[in-house]
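Down below is the structure, laid out as structure tokens.
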Protein chains: 4
Amino acid sequence: MDAPNRSERRRLRRRQRLIDAARQIIAQEGVAALTVTAVTEAADMAVGSFYTYFDSKDDLLEAAVWDVFQQLASPEPPASLPANPLDHAYNAILQVYEFVETQRDLMRAVFGAGHLADQFERGHKLISQRITLVVEQYGIIPAEDVPWIAALQTGLIAGGIGYAIEHPDVTAAEMTERTLKFIVPVWLEYAQAGE
Amino acid sequence: MDAPNRSERRRLRRRQRLIDAARQIIAQEGVAALTVTAVTEAADMAVGSFYTYFDSKDDLLEAAVWDVFQQLASPEPPASLPANPLDHAYNAILQVYEFVETQRDLMRAVFGAGHLADQFERGHKLISQRITLVVEQYGIIPAEDVPWIAALQTGLIAGGIGYAIEHPDVTAAEMTERTLKFIVPVWLEYAQAGE
Amino acid sequence: MDAPNRSERRRLRRRQRLIDAARQIIAQEGVAALTVTAVTEAADMAVGSFYTYFDSKDDLLEAAVWDVFQQLASPEPPASLPANPLDHAYNAILQVYEFVETQRDLMRAVFGAGHLADQFERGHKLISQRITLVVEQYGIIPAEDVPWIAALQTGLIAGGIGYAIEHPDVTAAEMTERTLKFIVPVWLEYAQAGE
Amino acid sequence: MDAPNRSERRRLRRRQRLIDAARQIIAQEGVAALTVTAVTEAADMAVGSFYTYFDSKDDLLEAAVWDVFQQLASPEPPASLPANPLDHAYNAILQVYEFVETQRDLMRAVFGAGHLADQFERGHKLISQRITLVVEQYGIIPAEDVPWIAALQTGLIAGGIGYAIEHPDVTAAEMTERTLKFIVPVWLEYAQAGE
DNA sequence: TATGAATGAGTTTTCATTCAT
DNA sequence: TATGAATGAAAACTCATTCAT
């Protein structure tokens, strides 16, 4: 008898429908809009049924968000450690972006600004624009490359800020040098290419 | 008559007390915990007083968060454009980290994970750990540098993901190469130094 | 299966309980006392339940008041237009008063002064008393008829005032004549009867 | 020294400014919009000053509304009782409408629908329209007279309802006859004129 | 197991009134 | 006496969670 299987499959399908609905809502309207009523409605189920699949709203958020991070953090580990670390890095990073490519909506839910309060979103944009301006100003970077370079640098600096916040002992000068370690070579390459 | 001045000063002081309380709450308990009641209680004021200083809760969030981004985005612009773009970058980035240095708590409120839902915060940590592992694995990066390199790379990739989400036309391979443009030189330098 | 019927009936019963509670509160304490808390308490329900039945407090007010007016305004229209207009008028007005007779409490909520601010209520009483005095003064109207004649005349004049307010072009003399068109014949009849 | 007089006059002037502001607000936005802040703002005074002139908001409402009713209820009493009761009635009613003529805004504040909740206002209009229809239907009343006749009859019936509510012993038939006592002669007059 | 009405604690916001300046 | 910031009780409304059917 595969009845238990069938009902189990049904169960998983319904659970997944809730997760998908949650992701869509987060991506489109932000976490604030993620109410149990909204999710069940979007999944075309009764409110009460929700608690058959999840213990709490937080439980759903966990399922909807957490395993995205898990998939991102542990993409298929290579069978054996590649001899060349850069190959490893290449593959690892490629996997991340491929994940983004195939799961754009899901990623927008988790990484997109939608889940942030408006002010945070606007703030990130503001800083990104500022960096874009600086990058453009010197004309070293060709216009078509400015956007992604600005995006990557914005992220880089955000990462640096996050680190600096938690390490009161590190100096600003030190962090600046560390950050520039990543930026300078890219700029130099462009500068040389431009000559 | 300095009466208007005095009351104006008092007004600003009380307003600031609310902003400070808001930042503290965000940093410690996340935006979700930012209720008008909580803020006024933390600032030792009556609930009603809140609306003497802000039109709405969102208005406070704006004041508490937005100007941090503004300060970050527009640090003293140099009188004249420095001849060397790298000097400019150095100064700009230094200013950012100096800001972090002097305003650590404030920055924790805005850039720390506190304003995110629990799951997002844990997710970011997870990815950071994964990257740390990869970085450690090859023994190229000395143990003491691993944490900040991992932090910066995590940010870099997050920035890349944000860009990729909004640009469906860009391929994963392309984004990977772009990201590696920033990472490789740093690794190479370590590799050479290690020889 | 009458399950949907049963739950639907239950739903309507509970909804009605809220409407009844609202009418009682308006009749006894005025519209100002009509709070969601008060209504649900009177109906012995939870606050939250209120919003299962009504979209907003105004929505309840609409339900509690509006359909009374509708019933009043459109009592069973006669199948065919009675040949005699006065018969028609008689029936129409009779229906109104019969409605009052059977729905006294409901009418008190809507037409009684309860829904007015205290001052307005007292004001209406004052004018009514004044008119009563004038009516009594000449001894034309027998004492037992004074109260209802005064009531009707008070209403008549209130109606005239309402009209005059919205028609700035009409003169006071004109309105007076129009009003007297209704009053004089009644008085004359009494005068003749009294001779 | 008329200093006390001067200050007293100033006091009365400021008090009146508040009363006027209150009336304007009631007429334009309804009693619900009558807040102490709104009144003092409209009168260009400080909130706190309000309580120098009135003990409470209700006290203001009393002053703003109550004396309108008083003026309406006791217009200049005739030195001696006119011999003809109808003359008396004419004068009394004329005075009412003259009062409306010169104090239209004030009257709108007190008698206009502005102070009623939306539903009550709509309800009164609905009934008035219904009566208008009936009056029109028979073609006895010339079109140009229909509006004011309908307005007066609506008021008349409202007055009757108010009476009936408070007198449970009176029958619907009785009230109908009483109401028609006022209406029929007017209609008959039109009918005869039309022949 | 599915349903959706019921619950009530918690949230934002308003406003009459007080009181220090 | 005039001012207007401060107060806090009370209002409308939301939503995670429970539970009878």
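Every chain in the structure tokens takes a letter, A first, then B, and so on in the order presented; its residues are numbered from 1, and the ligands are numbered from 1 following the presented order.
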Residues near DT14 in chain F, anyone? I mean within 9 Å using only C-alpha atoms (C1' of nucleotides), not counting same-chain ones fewer than 3 positions away, as a list in words.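 The residues that qualify are Gly48 of chain C; DG10 and DT11 of chain E.
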Can I get the selection written as an mmCIF file, in the first residue's frame, with C-alpha atoms (C1' of nucleotides)?
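Okay, this is what ended up in again-v6.cif:
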data_model
loop_
_atom_site.group_PDB
_atom_site.id
_atom_site.type_symbol
_atom_site.label_atom_id
_atom_site.label_comp_id
_atom_site.auth_asym_id
_atom_site.auth_seq_id
_atom_site.Cartn_x
_atom_site.Cartn_y
_atom_site.Cartn_z
ATOM 1 C CA GLY C 48 -11.567 41.134 17.487
ATOM 2 C "C1'" DG E 10 -0.821 44.340 21.541
ATOM 3 C "C1'" DT E 11 -0.185 48.306 18.200
#
At a cut-off of 10 Å, list the chain D residues touching chain E, using only C-alpha atoms (C1' of nucleotides), as an mmCIF file with C-alpha atoms, in the first residue's frame.
data_model
loop_
_atom_site.group_PDB
_atom_site.id
_atom_site.type_symbol
_atom_site.label_atom_id
_atom_site.label_comp_id
_atom_site.auth_asym_id
_atom_site.auth_seq_id
_atom_site.Cartn_x
_atom_site.Cartn_y
_atom_site.Cartn_z
ATOM 1 C CA THR D 35 -11.267 69.494 19.021
ATOM 2 C CA VAL D 36 -9.796 71.990 21.440
ATOM 3 C CA THR D 37 -6.677 72.125 19.319
ATOM 4 C CA VAL D 47 -4.341 75.611 23.452
ATOM 5 C CA GLY D 48 -3.743 76.425 27.058
ATOM 6 C CA TYR D 51 -9.208 76.945 29.647
ATOM 7 C CA SER D 56 -14.154 72.255 29.362
ATOM 8 C CA LYS D 57 -14.843 71.456 25.769
#
Contacts of chain B with chain F up to 10 Å, shortest pair per row, only C-alpha atoms (C1' of nucleotides), as JSON lines:
{"residue": "B:Ser7", "atom": "CA", "partner": "F:DA5", "partner_atom": "C1'", "distance": 9.5}
{"residue": "B:Arg11", "atom": "CA", "partner": "F:DA5", "partner_atom": "C1'", "distance": 8.8}
{"residue": "B:Met45", "atom": "CA", "partner": "F:DA6", "partner_atom": "C1'", "distance": 8.6}
{"residue": "B:Ala46", "atom": "CA", "partner": "F:DT7", "partner_atom": "C1'", "distance": 6.1}
{"residue": "B:Val47", "atom": "CA", "partner": "F:DG8", "partner_atom": "C1'", "distance": 7.3}
{"residue": "B:Gly48", "atom": "CA", "partner": "F:DT7", "partner_atom": "C1'", "distance": 6.8}
{"residue": "B:Ser49", "atom": "CA", "partner": "F:DA6", "partner_atom": "C1'", "distance": 6.1}
{"residue": "B:Phe50", "atom": "CA", "partner": "F:DA6", "partner_atom": "C1'", "distance": 9.9}
{"residue": "B:Thr52", "atom": "CA", "partner": "F:DA5", "partner_atom": "C1'", "distance": 7.8}
Just the number, please: distance in Å from CA of Thr176 in chain B to CA of Ala151 in chain A, one decimal.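 CA of Ala151 in chain A lies 13.6 Å from CA of Thr176 in chain B.
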Taking only C-alpha atoms into account, find every residue of chain C that has an atom no more than 7 Å from chain D, and write it out as a PyMOL selection string. chain C and resi 62+65-66+69+73+85+90+93-94+97-98+100-101+104+108+111-112+119+123+126-127+130+138+148+151-156+158-163+165+172-173+175-176+181-183+185-186
Output C-alpha atoms for every residue in the selection just made, as a PDB file, in the first residue's frame.
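And here is the file that came out, out_35.pdb:
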ATOM      1  CA  GLU C  62     -24.359  52.275   8.607  1.00  0.00           C
ATOM      2  CA  VAL C  65     -28.969  53.275  11.174  1.00  0.00           C
ATOM      3  CA  TRP C  66     -29.163  53.215   7.436  1.00  0.00           C
ATOM      4  CA  PHE C  69     -34.144  54.952   7.157  1.00  0.00           C
ATOM      5  CA  ALA C  73     -38.383  55.681   3.189  1.00  0.00           C
ATOM      6  CA  PRO C  85     -53.688  61.155  -3.335  1.00  0.00           C
ATOM      7  CA  TYR C  90     -52.676  58.345   4.570  1.00  0.00           C
ATOM      8  CA  ILE C  93     -47.806  58.040   6.802  1.00  0.00           C
ATOM      9  CA  LEU C  94     -49.685  55.307   8.595  1.00  0.00           C
ATOM     10  CA  TYR C  97     -46.180  55.398  12.443  1.00  0.00           C
ATOM     11  CA  GLU C  98     -46.890  51.688  12.484  1.00  0.00           C
ATOM     12  CA  VAL C 100     -42.579  53.365  14.996  1.00  0.00           C
ATOM     13  CA  GLU C 101     -45.185  51.461  16.964  1.00  0.00           C
ATOM     14  CA  ARG C 104     -40.023  51.887  19.215  1.00  0.00           C
ATOM     15  CA  ARG C 108     -35.567  55.989  19.531  1.00  0.00           C
ATOM     16  CA  PHE C 111     -34.920  59.553  15.630  1.00  0.00           C
ATOM     17  CA  GLY C 112     -34.692  60.150  19.318  1.00  0.00           C
ATOM     18  CA  GLN C 119     -26.536  70.554  23.808  1.00  0.00           C
ATOM     19  CA  GLY C 123     -31.877  72.824  22.396  1.00  0.00           C
ATOM     20  CA  LEU C 126     -36.174  74.163  24.598  1.00  0.00           C
ATOM     21  CA  ILE C 127     -37.705  75.129  21.283  1.00  0.00           C
ATOM     22  CA  ARG C 130     -41.378  77.512  23.658  1.00  0.00           C
ATOM     23  CA  TYR C 138     -54.419  81.630  23.522  1.00  0.00           C
ATOM     24  CA  TRP C 148     -48.753  66.713  19.870  1.00  0.00           C
ATOM     25  CA  ALA C 151     -44.425  68.481  18.532  1.00  0.00           C
ATOM     26  CA  LEU C 152     -45.670  68.534  14.966  1.00  0.00           C
ATOM     27  CA  GLN C 153     -45.194  72.274  14.644  1.00  0.00           C
ATOM     28  CA  THR C 154     -41.709  72.065  16.080  1.00  0.00           C
ATOM     29  CA  GLY C 155     -40.844  69.502  13.451  1.00  0.00           C
ATOM     30  CA  LEU C 156     -42.486  71.573  10.758  1.00  0.00           C
ATOM     31  CA  ALA C 158     -37.270  72.602  11.961  1.00  0.00           C
ATOM     32  CA  GLY C 159     -37.920  71.341   8.446  1.00  0.00           C
ATOM     33  CA  GLY C 160     -38.441  74.918   7.301  1.00  0.00           C
ATOM     34  CA  ILE C 161     -35.209  76.023   8.909  1.00  0.00           C
ATOM     35  CA  GLY C 162     -33.370  73.186   7.184  1.00  0.00           C
ATOM     36  CA  TYR C 163     -34.782  74.328   3.867  1.00  0.00           C
ATOM     37  CA  ILE C 165     -30.474  77.273   5.429  1.00  0.00           C
ATOM     38  CA  ALA C 172     -38.000  85.020   5.757  1.00  0.00           C
ATOM     39  CA  ALA C 173     -41.469  86.326   4.922  1.00  0.00           C
ATOM     40  CA  MET C 175     -40.883  80.909   4.508  1.00  0.00           C
ATOM     41  CA  THR C 176     -43.172  82.203   7.208  1.00  0.00           C
ATOM     42  CA  LYS C 181     -50.013  77.428   5.206  1.00  0.00           C
ATOM     43  CA  PHE C 182     -49.709  74.255   7.266  1.00  0.00           C
ATOM     44  CA  ILE C 183     -50.463  75.701  10.655  1.00  0.00           C
ATOM     45  CA  PRO C 185     -55.978  75.662   8.915  1.00  0.00           C
ATOM     46  CA  VAL C 186     -55.433  73.527  11.979  1.00  0.00           C
TER      47      VAL C 186
END
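In this model, the gap between CA of Asp87 in chain B and CA of Thr132 in chain A comes to 16.5 Å.
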When you draw a straight line from CA of Leu133 in chain D to CA of Ala109 in chain D, how long is it in Å?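 Separation between CA of Leu133 in chain D and CA of Ala109 in chain D: 28.1 Å.
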As a PyMOL selection string, please: every residue in range 126-189 of chain B that DSSP puts in alpha helix (DSSP H). chain B and resi 126-137+146-166+172-189
Near range 12-21 of chain C, within 6 Å and counting only C-alpha atoms (C1' of nucleotides), which residues show up once chain neighbours fewer than 3 positions away are dropped, as an MDAnalysis selection string? chainID C and resid 9 24 39 42:43 64
